[in-house]
$ cat protein_23.txt   # compact mmCIF, C-alpha atoms
# COMPACT_ATOMS: atom_id res chain seq x y z
CA MET X 1 -200.51 -237.90 68.88
CA LYS X 2 -198.59 -236.18 66.06
CA ILE X 3 -196.36 -233.11 66.01
CA LEU X 4 -195.39 -231.31 62.80
CA LEU X 5 -191.89 -229.75 63.04
CA ILE X 6 -191.16 -226.93 60.57
CA TYR X 7 -187.94 -225.21 59.55
CA PRO X 8 -188.98 -221.95 57.79
CA SER X 9 -187.37 -220.75 54.60
CA TYR X 10 -185.27 -217.57 54.44
CA ALA X 11 -183.38 -215.61 51.79
CA LYS X 12 -179.87 -216.97 51.25
CA LEU X 13 -176.89 -214.70 51.19
CA ILE X 14 -177.05 -213.61 47.55
CA GLU X 15 -180.58 -214.72 46.78
CA GLY X 16 -182.85 -212.04 45.35
CA HIS X 17 -180.08 -209.71 44.16
CA SER X 18 -180.88 -209.33 40.47
CA GLU X 19 -177.47 -207.76 39.76
CA LEU X 20 -175.87 -211.16 40.43
CA SER X 21 -178.50 -213.39 38.86
CA HIS X 22 -176.46 -214.01 35.70
CA LEU X 23 -173.70 -215.48 37.87
CA THR X 24 -175.56 -217.35 40.57
CA ASP X 25 -177.60 -220.03 38.81
CA GLY X 26 -176.64 -223.41 40.20
CA TYR X 27 -174.24 -222.12 42.82
CA PRO X 28 -174.29 -223.28 46.44
CA TRP X 29 -175.15 -219.94 48.05
CA LEU X 30 -178.72 -220.27 46.80
CA ASP X 31 -179.30 -223.87 47.82
CA PRO X 32 -181.20 -225.20 50.84
CA VAL X 33 -178.98 -225.76 53.83
CA GLY X 34 -179.71 -228.15 56.65
CA PRO X 35 -181.90 -227.08 59.57
CA GLY X 36 -179.14 -227.17 62.15
CA LEU X 37 -179.53 -229.25 65.31
CA ALA X 38 -182.43 -227.57 67.15
CA LEU X 39 -185.29 -229.63 65.70
CA PRO X 40 -183.32 -232.93 65.68
CA THR X 41 -182.58 -232.27 69.37
CA LEU X 42 -186.27 -231.79 70.13
CA ALA X 43 -186.95 -235.02 68.26
CA ALA X 44 -184.45 -236.81 70.51
CA LEU X 45 -186.38 -235.55 73.54
CA THR X 46 -189.77 -236.71 72.23
CA PRO X 47 -191.20 -240.09 73.31
CA LYS X 48 -191.40 -242.69 70.56
CA GLU X 49 -195.19 -242.97 70.90
CA ILE X 50 -195.53 -239.41 69.54
CA GLU X 51 -195.31 -239.27 65.75
CA LEU X 52 -193.05 -236.58 64.29
CA GLU X 53 -193.12 -235.15 60.78
CA PHE X 54 -190.38 -232.78 59.63
CA ILE X 55 -190.89 -230.17 56.90
CA ASP X 56 -188.11 -228.03 55.47
CA ASP X 57 -189.87 -225.01 53.98
CA GLN X 58 -186.81 -224.30 51.83
CA PHE X 59 -187.95 -226.88 49.29
CA MET X 60 -190.96 -228.72 50.72
CA SER X 61 -194.60 -227.63 50.63
CA ILE X 62 -196.20 -226.69 53.93
CA PRO X 63 -199.03 -229.22 54.61
CA TYR X 64 -201.61 -226.79 55.95
CA GLU X 65 -204.27 -229.52 55.98
CA THR X 66 -202.14 -231.80 58.16
CA ASN X 67 -203.69 -234.20 60.64
CA ALA X 68 -201.03 -233.26 63.20
CA ASN X 69 -202.29 -232.26 66.65
CA LEU X 70 -199.92 -229.32 66.83
CA VAL X 71 -197.24 -227.47 64.86
CA ALA X 72 -193.81 -226.51 66.26
CA ILE X 73 -191.67 -223.96 64.42
CA SER X 74 -188.07 -223.09 65.32
CA LEU X 75 -186.66 -219.84 63.94
CA PHE X 76 -183.81 -217.40 63.93
CA THR X 77 -184.13 -213.78 62.87
CA PRO X 78 -184.05 -214.03 59.02
CA GLN X 79 -186.80 -216.64 59.23
CA ALA X 80 -189.10 -214.66 61.51
CA SER X 81 -191.38 -213.05 58.92
CA ARG X 82 -191.90 -216.34 57.08
CA ALA X 83 -192.36 -218.25 60.35
CA TYR X 84 -195.06 -215.84 61.50
CA ASP X 85 -196.88 -216.20 58.18
CA ILE X 86 -196.83 -220.01 58.46
CA ALA X 87 -197.94 -219.85 62.09
CA ASP X 88 -200.83 -217.50 61.30
CA ASN X 89 -202.04 -219.79 58.52
CA PHE X 90 -202.12 -222.79 60.84
CA ARG X 91 -203.84 -220.86 63.63
CA GLN X 92 -206.54 -219.78 61.19
CA ARG X 93 -207.15 -223.51 60.73
CA ASN X 94 -207.44 -223.92 64.52
CA LYS X 95 -204.13 -225.72 64.85
CA LEU X 96 -202.14 -225.32 68.06
CA VAL X 97 -198.88 -223.53 67.18
CA ILE X 98 -195.60 -223.48 69.12
CA LEU X 99 -192.81 -221.01 68.34
CA GLY X 100 -189.28 -221.26 69.70
CA GLY X 101 -185.68 -220.62 68.78
CA LYS X 102 -183.23 -217.74 69.03
CA HIS X 103 -185.52 -215.00 67.70
CA VAL X 104 -188.41 -216.01 69.94
CA THR X 105 -186.12 -216.01 72.97
CA ILE X 106 -185.01 -212.47 72.09
CA MET X 107 -188.39 -211.06 70.97
CA PRO X 108 -191.06 -212.99 72.93
CA GLN X 109 -193.66 -210.21 72.96
CA GLU X 110 -193.50 -209.92 69.17
CA ALA X 111 -193.71 -213.70 68.71
CA ARG X 112 -196.60 -214.00 71.16
CA ALA X 113 -199.01 -212.50 68.60
CA HIS X 114 -198.39 -215.48 66.29
CA ALA X 115 -198.38 -218.48 68.64
CA ASP X 116 -200.37 -220.33 71.26
CA ILE X 117 -197.24 -221.49 73.09
CA LEU X 118 -193.76 -219.95 73.28
CA PHE X 119 -190.48 -221.59 74.21
CA ILE X 120 -187.98 -219.10 75.60
CA GLY X 121 -184.36 -220.13 76.05
CA GLU X 122 -182.71 -223.46 75.37
CA ALA X 123 -185.39 -226.15 75.30
CA GLU X 124 -183.63 -229.27 76.61
CA LEU X 125 -185.20 -228.86 80.05
CA THR X 126 -188.57 -227.39 79.02
CA TRP X 127 -189.53 -229.64 76.06
CA PRO X 128 -189.94 -232.75 78.27
CA LEU X 129 -192.10 -230.70 80.66
CA PHE X 130 -194.23 -229.58 77.72
CA ILE X 131 -194.63 -233.13 76.41
CA ASN X 132 -195.83 -234.26 79.81
CA ASP X 133 -198.31 -231.36 79.96
CA LEU X 134 -199.45 -232.12 76.41
CA LEU X 135 -200.23 -235.73 77.25
CA HIS X 136 -202.21 -234.60 80.29
CA GLY X 137 -204.01 -231.72 78.56
CA THR X 138 -202.44 -229.05 80.78
CA THR X 139 -200.18 -227.09 78.41
CA LYS X 140 -199.07 -223.56 79.36
CA GLN X 141 -198.59 -220.44 77.23
CA PHE X 142 -194.91 -220.04 78.12
CA TYR X 143 -192.11 -222.53 78.70
CA ILE X 144 -189.17 -220.53 79.99
CA SER X 145 -185.80 -222.12 80.63
CA GLU X 146 -184.83 -221.31 84.22
CA ARG X 147 -181.18 -222.17 83.62
CA PRO X 148 -178.95 -223.36 80.77
CA PRO X 149 -178.86 -227.13 80.44
CA THR X 150 -175.62 -228.85 81.33
CA ILE X 151 -173.79 -230.81 78.66
CA ASN X 152 -175.04 -234.03 80.27
CA GLU X 153 -178.62 -232.80 79.88
CA ILE X 154 -178.23 -232.19 76.13
CA PRO X 155 -179.08 -235.36 74.15
CA LEU X 156 -177.53 -236.41 70.90
CA PRO X 157 -179.64 -234.96 68.07
CA GLN X 158 -181.89 -237.35 66.21
CA ARG X 159 -180.20 -236.70 62.87
CA SER X 160 -182.41 -239.25 61.11
CA LEU X 161 -185.26 -236.72 61.38
CA VAL X 162 -183.71 -234.94 58.38
CA ASN X 163 -183.28 -236.75 55.08
CA ARG X 164 -179.81 -235.56 54.08
CA GLN X 165 -180.15 -237.13 50.64
CA THR X 166 -182.50 -234.31 49.64
CA TYR X 167 -179.87 -231.59 50.24
CA PRO X 168 -177.34 -230.64 47.55
CA HIS X 169 -174.40 -230.22 49.96
CA ASP X 170 -172.41 -233.03 51.50
CA MET X 171 -171.84 -231.17 54.78
CA GLU X 172 -173.41 -231.08 58.24
CA ILE X 173 -172.62 -229.16 61.41
CA MET X 174 -170.76 -231.04 64.10
CA LEU X 175 -172.09 -231.25 67.63
CA THR X 176 -170.13 -228.59 69.51
CA PRO X 177 -170.08 -226.78 72.88
CA ARG X 178 -172.78 -224.32 73.91
CA SER X 179 -172.12 -220.55 73.97
CA CYS X 180 -169.08 -218.61 72.76
CA ARG X 181 -166.37 -216.63 74.50
CA LEU X 182 -165.92 -214.13 71.65
CA GLN X 183 -169.10 -212.23 72.61
CA CYS X 184 -169.09 -210.32 69.31
CA GLN X 185 -171.10 -207.11 69.43
CA TRP X 186 -173.25 -208.02 66.41
CA CYS X 187 -174.10 -211.53 67.65
CA PRO X 188 -176.92 -212.59 70.04
CA ILE X 189 -175.32 -215.84 71.23
CA ALA X 190 -174.47 -214.32 74.63
CA HIS X 191 -178.22 -213.72 75.06
CA VAL X 192 -179.54 -217.07 73.90
CA GLU X 193 -176.71 -219.44 74.90
CA PRO X 194 -175.11 -217.84 77.96
CA LEU X 195 -171.77 -218.79 79.44
CA VAL X 196 -171.99 -220.65 82.75
CA ASP X 197 -169.61 -219.27 85.38
CA GLY X 198 -167.83 -217.53 82.51
CA LYS X 199 -167.19 -220.82 80.73
CA ILE X 200 -168.35 -222.60 77.59
CA ARG X 201 -170.25 -225.81 78.20
CA GLN X 202 -167.69 -228.14 76.66
CA LEU X 203 -168.50 -231.52 75.15
CA THR X 204 -166.53 -234.66 75.75
CA ALA X 205 -164.78 -236.34 72.83
CA ASP X 206 -166.81 -239.49 73.49
CA LYS X 207 -170.10 -237.62 73.03
CA ILE X 208 -168.91 -236.00 69.79
CA LEU X 209 -167.73 -239.35 68.43
CA GLN X 210 -170.99 -241.02 69.38
CA ASP X 211 -172.90 -238.35 67.47
CA LEU X 212 -170.69 -238.77 64.41
CA THR X 213 -171.87 -242.34 64.04
CA ASN X 214 -175.26 -240.86 63.07
CA VAL X 215 -173.92 -238.36 60.52
CA ALA X 216 -174.74 -239.24 56.92
CA SER X 217 -172.54 -236.58 55.30
CA ASN X 218 -168.85 -237.03 54.64
CA THR X 219 -167.88 -233.49 55.65
CA LEU X 220 -168.45 -231.78 59.00
CA TYR X 221 -168.33 -228.05 59.68
CA ILE X 222 -166.89 -227.26 63.13
CA PRO X 223 -167.81 -223.84 64.62
CA ASP X 224 -164.99 -221.98 66.34
CA ASN X 225 -166.37 -222.44 69.83
CA LEU X 226 -164.93 -225.97 69.84
CA THR X 227 -161.37 -224.67 70.08
CA GLN X 228 -162.44 -221.93 72.51
CA GLY X 229 -163.77 -224.57 74.87
CA ALA X 230 -160.40 -226.25 75.37
CA THR X 231 -158.83 -223.76 77.76
CA GLY X 232 -155.98 -223.81 80.25
CA ASP X 233 -152.45 -225.20 80.13
CA ASN X 234 -153.59 -228.50 78.64
CA ALA X 235 -155.74 -226.94 75.88
CA LEU X 236 -153.69 -228.02 72.88
CA PRO X 237 -153.00 -231.56 74.19
CA MET X 238 -156.77 -231.92 74.68
CA LEU X 239 -157.41 -230.75 71.13
CA ARG X 240 -154.70 -233.04 69.77
CA GLU X 241 -156.44 -236.02 71.31
CA LEU X 242 -159.86 -234.86 70.13
CA PHE X 243 -158.88 -234.38 66.50
CA ALA X 244 -156.91 -237.62 66.46
CA ALA X 245 -160.12 -239.33 67.59
CA LEU X 246 -162.15 -237.48 64.94
CA SER X 247 -159.79 -238.69 62.22
CA THR X 248 -160.71 -242.31 62.99
CA THR X 249 -164.22 -241.65 61.65
CA GLN X 250 -162.91 -241.14 58.08
CA LYS X 251 -164.88 -237.88 57.89
CA ARG X 252 -163.48 -234.62 56.51
CA PHE X 253 -163.66 -231.46 58.59
CA MET X 254 -163.84 -227.70 58.01
CA LEU X 255 -162.77 -225.86 61.17
CA ALA X 256 -163.80 -222.25 61.79
CA LEU X 257 -161.15 -220.03 63.39
CA ALA X 258 -160.34 -216.36 63.83
CA PRO X 259 -156.84 -215.36 62.63
CA ASP X 260 -155.86 -214.20 66.13
CA GLU X 261 -156.72 -217.63 67.53
CA LEU X 262 -154.86 -219.29 64.67
CA SER X 263 -151.82 -217.12 65.35
CA SER X 264 -151.89 -217.96 69.07
CA ILE X 265 -152.04 -221.69 68.34
CA LYS X 266 -149.07 -221.39 65.99
CA GLN X 267 -147.02 -219.53 68.62
CA VAL X 268 -147.78 -221.99 71.42
CA ASP X 269 -147.27 -225.15 69.37
CA PRO X 270 -146.07 -224.74 65.77
CA SER X 271 -146.65 -228.45 65.07
CA PHE X 272 -150.31 -228.38 66.07
CA LEU X 273 -151.61 -227.08 62.73
CA LYS X 274 -149.72 -229.82 60.90
CA HIS X 275 -151.35 -232.29 63.28
CA LEU X 276 -154.78 -230.82 62.44
CA HIS X 277 -154.21 -231.37 58.75
CA SER X 278 -153.11 -234.95 59.34
CA CYS X 279 -156.42 -235.53 61.19
CA ASN X 280 -158.60 -234.84 58.12
CA VAL X 281 -159.12 -231.14 58.87
CA ASP X 282 -158.51 -230.17 55.27
CA SER X 283 -160.06 -226.70 55.26
CA LEU X 284 -160.26 -223.67 57.53
CA TYR X 285 -163.10 -221.14 57.61
CA LEU X 286 -161.26 -217.95 58.55
CA THR X 287 -162.96 -214.77 59.70
CA LEU X 288 -160.50 -212.30 58.25
CA ASN X 289 -161.70 -209.14 59.98
CA SER X 290 -162.48 -208.52 63.61
CA PHE X 291 -166.07 -208.94 64.74
CA ALA X 292 -165.68 -206.03 67.15
CA THR X 293 -167.26 -202.68 66.29
CA ASN X 294 -165.26 -200.04 68.12
CA ILE X 295 -161.65 -200.78 67.25
CA PRO X 296 -159.06 -198.33 65.89
CA SER X 297 -158.58 -198.33 62.15
CA GLU X 298 -154.94 -199.35 62.53
CA LEU X 299 -156.03 -202.48 64.37
CA ALA X 300 -158.55 -203.29 61.66
CA GLN X 301 -155.85 -202.83 59.03
CA LYS X 302 -153.67 -205.51 60.57
CA TYR X 303 -156.09 -208.14 59.33
CA TRP X 304 -155.12 -207.25 55.78
CA ASN X 305 -151.39 -207.47 56.48
CA ASN X 306 -151.33 -210.93 58.04
CA HIS X 307 -149.75 -212.51 54.97
CA ASP X 308 -147.19 -214.82 56.60
CA LEU X 309 -149.76 -216.71 58.68
CA ILE X 310 -152.06 -217.33 55.72
CA LYS X 311 -149.18 -218.49 53.52
CA TYR X 312 -148.00 -220.78 56.31
CA ILE X 313 -151.31 -222.62 56.56
CA GLN X 314 -151.66 -222.73 52.77
CA ASP X 315 -148.23 -224.37 52.55
CA LEU X 316 -149.43 -226.99 55.04
CA GLY X 317 -152.13 -227.90 52.53
CA PHE X 318 -155.22 -226.31 54.07
CA HIS X 319 -157.97 -225.02 51.82
CA ILE X 320 -159.10 -221.59 53.05
CA CYS X 321 -162.62 -220.21 52.96
CA ALA X 322 -162.28 -216.51 53.79
CA SER X 323 -165.21 -214.81 55.51
CA THR X 324 -165.44 -211.03 55.61
CA MET X 325 -167.99 -208.65 57.13
CA LEU X 326 -168.22 -205.26 55.43
CA GLY X 327 -169.62 -201.98 56.70
CA PHE X 328 -168.56 -201.76 60.33
CA ASP X 329 -167.89 -198.31 61.76
CA TYR X 330 -164.13 -198.77 61.41
CA ASP X 331 -164.42 -199.57 57.66
CA GLN X 332 -163.58 -196.88 55.13
CA PRO X 333 -164.80 -196.84 51.49
CA SER X 334 -161.46 -198.35 50.45
CA ILE X 335 -162.30 -201.61 52.29
CA PHE X 336 -163.70 -203.34 49.20
CA ASP X 337 -160.52 -202.87 47.14
CA THR X 338 -158.45 -203.83 50.20
CA VAL X 339 -160.31 -207.12 50.65
CA LEU X 340 -160.21 -208.12 46.98
CA ALA X 341 -156.52 -207.22 46.69
CA TYR X 342 -155.81 -209.34 49.77
CA LEU X 343 -157.65 -212.36 48.38
CA THR X 344 -155.92 -212.00 45.03
CA ARG X 345 -152.46 -211.52 46.55
CA LEU X 346 -152.78 -214.71 48.60
CA SER X 347 -154.56 -216.74 45.89
CA ILE X 348 -157.58 -217.34 48.11
CA ASN X 349 -160.30 -218.63 45.81
CA ASP X 350 -163.05 -219.42 48.32
CA ALA X 351 -164.75 -216.49 50.02
CA VAL X 352 -167.98 -215.30 51.62
CA PHE X 353 -168.92 -211.62 51.94
CA PHE X 354 -171.40 -210.43 54.55
CA ILE X 355 -172.84 -206.99 55.20
CA ALA X 356 -172.42 -206.13 58.88
CA THR X 357 -175.74 -206.87 60.58
CA PRO X 358 -176.73 -206.03 64.19
CA PHE X 359 -178.95 -208.96 65.11
CA PRO X 360 -181.67 -208.52 67.75
CA GLY X 361 -180.34 -209.48 71.15
CA SER X 362 -176.84 -208.19 70.39
CA ARG X 363 -175.12 -205.22 72.01
CA LEU X 364 -174.85 -203.57 68.60
CA PHE X 365 -178.60 -203.85 68.02
CA ALA X 366 -179.23 -202.19 71.38
CA ARG X 367 -176.74 -199.41 70.65
CA PHE X 368 -178.09 -198.70 67.16
CA THR X 369 -181.65 -198.75 68.50
CA LYS X 370 -180.74 -196.18 71.14
CA SER X 371 -178.90 -193.95 68.65
CA GLY X 372 -181.62 -194.22 66.00
CA ARG X 373 -179.34 -195.81 63.38
CA LEU X 374 -181.51 -198.84 62.61
CA LEU X 375 -183.40 -198.45 59.33
CA HIS X 376 -186.18 -201.00 59.92
CA HIS X 377 -187.25 -204.28 61.53
CA GLN X 378 -187.89 -206.19 58.31
CA TRP X 379 -186.44 -209.39 59.72
CA GLN X 380 -186.15 -211.19 56.39
CA LYS X 381 -183.47 -208.63 55.48
CA TYR X 382 -181.41 -209.34 58.60
CA ASN X 383 -179.51 -212.07 56.72
CA GLY X 384 -176.08 -210.52 56.11
CA ALA X 385 -177.08 -209.50 52.59
CA ASN X 386 -178.94 -206.24 53.20
CA ILE X 387 -178.19 -202.94 54.90
CA VAL X 388 -180.33 -202.53 58.00
CA PHE X 389 -178.60 -199.57 59.69
CA ARG X 390 -177.07 -196.28 58.64
CA PRO X 391 -173.35 -196.86 57.99
CA LYS X 392 -170.83 -194.41 59.43
CA HIS X 393 -168.47 -193.90 56.49
CA PHE X 394 -170.64 -194.95 53.55
CA SER X 395 -173.94 -194.10 52.04
CA VAL X 396 -176.32 -197.03 51.98
CA GLU X 397 -175.86 -197.28 48.22
CA GLN X 398 -172.04 -197.21 48.49
CA LEU X 399 -172.04 -200.10 50.92
CA ARG X 400 -174.52 -202.07 48.89
CA GLN X 401 -172.60 -201.55 45.64
CA GLY X 402 -169.27 -202.39 47.25
CA TRP X 403 -170.69 -205.65 48.62
CA LEU X 404 -172.16 -206.50 45.20
CA ASP X 405 -168.81 -205.74 43.54
CA CYS X 406 -167.07 -208.19 45.88
CA TRP X 407 -169.55 -210.95 45.06
CA ASN X 408 -169.43 -210.14 41.35
CA TRP X 409 -165.62 -210.44 41.37
CA PHE X 410 -165.69 -213.68 43.32
CA LEU X 411 -168.42 -215.40 41.29
CA THR X 412 -166.83 -214.38 38.00
CA ASN X 413 -163.41 -215.69 38.95
CA HIS X 414 -164.10 -218.58 41.31
CA GLY X 415 -167.79 -219.43 41.35
CA GLU X 416 -167.56 -222.50 39.14
CA ALA X 417 -164.74 -224.00 41.21
CA MET X 418 -166.71 -223.48 44.40
CA ARG X 419 -169.83 -225.03 42.92
CA LYS X 420 -167.80 -228.16 42.16
CA ARG X 421 -166.29 -228.15 45.65
CA TYR X 422 -169.51 -227.95 47.64
CA ILE X 423 -172.27 -229.42 45.46
CA LYS X 424 -172.73 -233.18 45.31
CA SER X 425 -171.71 -234.62 41.98
$ encode --input "protein_23.txt" --output "structure tokens"
Amino acid sequence: MKILLIYPSYAKLIEGHSELSHLTDGYPWLDPVGPGLALPTLAALTPKEIELEFIDDQFMSIPYETNANLVAISLFTPQASRAYDIADNFRQRNKLVILGGKHVTIMPQEARAHADILFIGEAELTWPLFINDLLHGTTKQFYISERPPTINEIPLPQRSLVNRQTYPHDMEIMLTPRSCRLQCQWCPIAHVEPLVDGKIRQLTADKILQDLTNVASNTLYIPDNLTQGATGDNALPMLRELFAALSTTQKRFMLALAPDELSSIKQVDPSFLKHLHSCNVDSLYLTLNSFATNIPSELAQKYWNNHDLIKYIQDLGFHICASTMLGFDYDQPSIFDTVLAYLTRLSINDAVFFIATPFPGSRLFARFTKSGRLLHHQWQKYNGANIVFRPKHFSVEQLRQGWLDCWNWFLTNHGEAMRKRYIKS
């Protein structure tokens, strides 16, 4: 028995924008990134007697004439169009096709037209049931997760499924809690990874450390739900112990944080950030603007006046990667100059610019659908690099040009330095 696992390709953040092509050759924002942990987790749940083959469509050819018994494709929204095309090609060859992942969980009726079997929800509890059915010839059309898996039911991902040597970046994502307390209006995580009793499903330090023994890369990216998961009066002591343990692995870490969370940590324990830096957390991925969508303009403006906090963490030695979403309803046409002036003033030379995108499954997607503001459902353009709804204070062309101007400024001034930072030598 053999299963072919496929990670579909999708357009990277600045890929396909001809206005930037003279600046982007060889830069990391066009390179294949790892497939995340979904498929390696499925691999960990698969009995050894079943052969697995992994294909990353970003740079590997799809083996349509495979001898595999079935094909399993995991996808999120920007990959949907490509995933459906791959699935249709295999089905035309009478191959059994499985679709799963965030987009399938959100849009099962759409996905149903392209698959024989759908996985809806987190698959830790349903994949073993499917494998048992597969071996007995009794597979079903739908495998629906009845409840979120507990942390103890989530296995360590089989990271060896993915050959990290073939990727240009020396960075992987760290195993982190499930769900997120931020519940941003543009994000579907609340739909696909729900809180349990209002709480994140937090991992133990032992489980994280055990997983790190299987990580080939020297740098780990830590999503911001790790720090959200340590709540209560003992939150910072718990995090102190965790990061001290992480530092024993000799890995380097990039920790994602929102400025408000960073400010709160500094107020509660001013020494904690210094402790983070001493534990090999050498860079912070900061989301500089709020991910809300209905906030007063004066509140939005505060994100561009938070100079003291940024200077404080820079003085501690942290490298900052600044992430900004552009085009929310509270943004005015001056936002582009405001952002670039802010980055220049604080000598921030690592940045990522996204166009605000209401992903399916999010509250913002539902609201824009109801109000008729969505422009289309061309999923390949739901990648943070295209305008998919009618902006409130911009024309579509104004928002597009402003976003391009931000990238043009950044790549001209800092692109070479960032290529050297993130690309393997």
$ closest_residue --input "protein_23.txt" --among "X:Glu124, X:Met1, X:Pro28, X:Leu13" --to "Asn67 in chain X" --atoms "only C-alpha atoms"
X:Met1
$ residues_near_point --input "protein_23.txt" --point "(-188.7, -218.9, 55.5)" --cutoff "9 Å" --atoms "all atoms listed in the file" --output "mmCIF file with C-alpha atoms, in the coordinates of the input"
data_model
loop_
_atom_site.group_PDB
_atom_site.id
_atom_site.type_symbol
_atom_site.label_atom_id
_atom_site.label_comp_id
_atom_site.auth_asym_id
_atom_site.auth_seq_id
_atom_site.Cartn_x
_atom_site.Cartn_y
_atom_site.Cartn_z
ATOM 1 C CA TYR X 7 -187.940 -225.210 59.550
ATOM 2 C CA PRO X 8 -188.980 -221.950 57.790
ATOM 3 C CA SER X 9 -187.370 -220.750 54.600
ATOM 4 C CA TYR X 10 -185.270 -217.570 54.440
ATOM 5 C CA ALA X 11 -183.380 -215.610 51.790
ATOM 6 C CA ASP X 57 -189.870 -225.010 53.980
ATOM 7 C CA GLN X 58 -186.810 -224.300 51.830
ATOM 8 C CA LEU X 75 -186.660 -219.840 63.940
ATOM 9 C CA PRO X 78 -184.050 -214.030 59.020
ATOM 10 C CA GLN X 79 -186.800 -216.640 59.230
ATOM 11 C CA ALA X 80 -189.100 -214.660 61.510
ATOM 12 C CA SER X 81 -191.380 -213.050 58.920
ATOM 13 C CA ARG X 82 -191.900 -216.340 57.080
ATOM 14 C CA ALA X 83 -192.360 -218.250 60.350
ATOM 15 C CA ILE X 86 -196.830 -220.010 58.460
ATOM 16 C CA GLN X 380 -186.150 -211.190 56.390
#
$ atom_distance --input "protein_23.txt" --atom1 "CA of Trp407 in chain X" --atom2 "CA of Asn386 in chain X"
13.3 Å
$ atom_distance --input "protein_23.txt" --atom1 "CA of Ile313 in chain X" --atom2 "CA of Leu226 in chain X"
19.3 Å
$ residues_around --input "protein_23.txt" --residues "range 152-162 of chain X" --least-positions-apart "6" --cutoff "9 Å" --atoms "all atoms listed in the file" --output "list in words"
Gly34, Pro35, Leu37, Ala38, Leu39, Pro40, Thr41, Leu42, Ala43, Ala44, Leu45, Leu52, Glu53, Phe54, Ile55, Asp56, Glu124, Leu125, Leu175, Leu203, Lys207, Ile208, Gln210, Asp211, Asn214, Val215 and Ala216 of chain X
$ write_last_selection --input "protein_23.txt" --atoms "C-alpha atoms" --output "compact mmCIF listing (two decimals), in the coordinates of the input"
# COMPACT_ATOMS: atom_id res chain seq x y z
CA GLY X 34 -179.71 -228.15 56.65
CA PRO X 35 -181.90 -227.08 59.57
CA LEU X 37 -179.53 -229.25 65.31
CA ALA X 38 -182.43 -227.57 67.15
CA LEU X 39 -185.29 -229.63 65.70
CA PRO X 40 -183.32 -232.93 65.68
CA THR X 41 -182.58 -232.27 69.37
CA LEU X 42 -186.27 -231.79 70.13
CA ALA X 43 -186.95 -235.02 68.26
CA ALA X 44 -184.45 -236.81 70.51
CA LEU X 45 -186.38 -235.55 73.54
CA LEU X 52 -193.05 -236.58 64.29
CA GLU X 53 -193.12 -235.15 60.78
CA PHE X 54 -190.38 -232.78 59.63
CA ILE X 55 -190.89 -230.17 56.90
CA ASP X 56 -188.11 -228.03 55.47
CA GLU X 124 -183.63 -229.27 76.61
CA LEU X 125 -185.20 -228.86 80.05
CA LEU X 175 -172.09 -231.25 67.63
CA LEU X 203 -168.50 -231.52 75.15
CA LYS X 207 -170.10 -237.62 73.03
CA ILE X 208 -168.91 -236.00 69.79
CA GLN X 210 -170.99 -241.02 69.38
CA ASP X 211 -172.90 -238.35 67.47
CA ASN X 214 -175.26 -240.86 63.07
CA VAL X 215 -173.92 -238.36 60.52
CA ALA X 216 -174.74 -239.24 56.92
$ closest_residue --input "protein_23.txt" --among "X:Thr166, X:Ile173, X:Trp379, X:Asp331" --to "His103 in chain X" --atoms "all atoms listed in the file"
X:Trp379
$ closest_residue --input "protein_23.txt" --among "X:Glu51, X:Asp337, X:Glu172, X:Glu193" --to "Tyr221 in chain X" --atoms "all atoms listed in the file"
X:Glu172
$ residues_near_point --input "protein_23.txt" --point "(-162.0, -217.9, 40.6)" --cutoff "12 Å" --atoms "only C-alpha atoms" --output "ChimeraX atom specification"
/X:340,343-344,347-351,407-420
$ write_last_selection --input "protein_23.txt" --atoms "C-alpha atoms" --output "short mmCIF file (atom, residue, chain, number, x, y, z; two decimals), in the coordinates of the input"
data_model
loop_
_atom_site.label_atom_id
_atom_site.label_comp_id
_atom_site.auth_asym_id
_atom_site.auth_seq_id
_atom_site.Cartn_x
_atom_site.Cartn_y
_atom_site.Cartn_z
CA LEU X 340 -160.21 -208.12 46.98
CA LEU X 343 -157.65 -212.36 48.38
CA THR X 344 -155.92 -212.00 45.03
CA SER X 347 -154.56 -216.74 45.89
CA ILE X 348 -157.58 -217.34 48.11
CA ASN X 349 -160.30 -218.63 45.81
CA ASP X 350 -163.05 -219.42 48.32
CA ALA X 351 -164.75 -216.49 50.02
CA TRP X 407 -169.55 -210.95 45.06
CA ASN X 408 -169.43 -210.14 41.35
CA TRP X 409 -165.62 -210.44 41.37
CA PHE X 410 -165.69 -213.68 43.32
CA LEU X 411 -168.42 -215.40 41.29
CA THR X 412 -166.83 -214.38 38.00
CA ASN X 413 -163.41 -215.69 38.95
CA HIS X 414 -164.10 -218.58 41.31
CA GLY X 415 -167.79 -219.43 41.35
CA GLU X 416 -167.56 -222.50 39.14
CA ALA X 417 -164.74 -224.00 41.21
CA MET X 418 -166.71 -223.48 44.40
CA ARG X 419 -169.83 -225.03 42.92
CA LYS X 420 -167.80 -228.16 42.16
#
$ atom_distance --input "protein_23.txt" --atom1 "CA of His377 in chain X" --atom2 "CA of Gln332 in chain X"
25.6 Å
$ closest_residue --input "protein_23.txt" --among "X:Lys140, X:His307, X:Lys102, X:Lys274" --to "Ser74 in chain X" --atoms "only C-alpha atoms"
X:Lys102
$ closest_residue --input "protein_23.txt" --among "X:Thr357, X:Gln401, X:Gln202, X:Asn163" --to "Thr176 in chain X" --atoms "all atoms listed in the file"
X:Gln202
$ residues_around --input "protein_23.txt" --residues "range 314-318 of chain X" --least-positions-apart "6" --cutoff "12 Å" --atoms "only C-alpha atoms" --output "list in words"
Arg252, Phe253, Met254, Leu255, Pro270, Ser271, Phe272, Leu273, Lys274, His275, Leu276, His277, Ser278, Cys279, Asn280, Val281, Asp282, Ser283, Leu284, Tyr285, Leu286, His307, Asp308, Leu346, Ser347, Ile348, Asn349 and Asp350 of chain X
